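Undergrad: Quick one: this structure, given as structure tokens, is what I'll be asking you about.
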Amino acid sequence: QVQLVESGGGLVQAGGSLRLSCATSRSVFSVYTMGWYRQAPGKQRELVATVTSGGSTNYADSVKGRFTISRDNGKNTVYLQMNSLKPEDTAVYFCTAADSVFTSWGQGTEVTVSS
């Protein structure tokens with residue numbers, strides 16, 4: 001069982017910023033693709049961003065230019081820096097760790113953006 005510990009959610013006004021963090025073990029972090037997904041009320045879960053062990057990134061079109069995913073190899077932590085937040089970014093954000101077979105999910109952290 002992969003353990004993922006998320007933090008950093010909260011309430012922010014539109015236009016503001018938040019940074020989400022997700023920590024895991026070194027053995028996972030060194031080989032897994034790490035990512036963030038989100039699920040807004042009444043909507044399906046959707047991809048936000050991913051970063052491979054080699055540092056390649058991928059973003060949903062809706063967050064390109066506003067969100068940045070990054071890895072800190074020394075801390076075995078992945079971050080999601082969210083800038084220029086919009087009310088439609090309101091959701092529960094989930095950290096993921098994926099290999100070729102299985103994806104593990106964190107417990108989720110809530111982000112609320114007020115207008």
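Ordering of the structure tokens sets the chain letters (A, B, ...), residue numbers begin anew at 1 in every chain, and ligands are numbered from 1 in the order given.
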Show me, as a PyMOL selection string, the residues that have an atom within 10 Å of segment 20-37 of chain A when counting only C-alpha atoms, minus same-chain residues fewer than 5 positions from it.

TA: chain A and resi 2-10+45-60+69-82+91-100+103-106+108-111

Undergrad: Which is closest to Lys86 of chain A among A:Val101, A:Gln1, A:Gly42, A:Ser114, if we use only C-alpha atoms?

TA: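 Using only C-alpha atoms, the shortest distance to Lys86 of chain A belongs to A:Ser114.
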
Undergrad: Can you pull out the residues contacting Ser17 of chain A? Cut-off 8 Å, using only C-alpha atoms, and skip same-chain residues under 2 positions away; I want them as a list in words.

TA: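 What passes the distance filter is Val12, Gly15, Arg19, Gln81, Met82, Asn83, Ser84 and Leu85 of chain A.
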
Undergrad: Check chain A with DSSP on the backbone and list each residue it calls helix (DSSP H, G or I), as a list in words.

TA: Arg26, Ser27, Val28, Phe29, Pro87, Glu88 and Asp89 of chain A

Undergrad: Which residue gives the smallest distance to Glu88 of chain A among A:Gln39, A:Asp61, A:Leu18, A:Val113, with only C-alpha atoms counted?

TA: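 Smallest distance to Glu88 of chain A is found for A:Val113.
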
Undergrad: List every residue of chain A that DSSP, applied to the backbone, labels as strand (DSSP E), and write the result as a PyMOL selection string.

TA: chain A and resi 5-7+10-13+18-23+33-39+46-51+57-59+67-72+77-82+91-98+103-105+109-114

Undergrad: If you measure from atom CA of Thr112 of chain A to atom CA of Phe67 of chain A, what distance in Å do you get, rounded to one decimal?

TA: 15.4 Å

Undergrad: How far is it from atom CA of Ser115 of chain A to atom CA of Thr90 of chain A, in Å with one decimal?

TA: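 Value for the atom CA of Ser115 of chain A-atom CA of Thr90 of chain A distance: 10.6 Å.
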
Undergrad: Find the residue from A:Arg38, A:Lys43, A:Ser62, A:Gln13 that sits nearest to Gln107 of chain A; use only C-alpha atoms when measuring.

TA: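 Of A:Arg38, A:Lys43, A:Ser62, A:Gln13, the one nearest Gln107 of chain A is A:Arg38, counting only C-alpha atoms.
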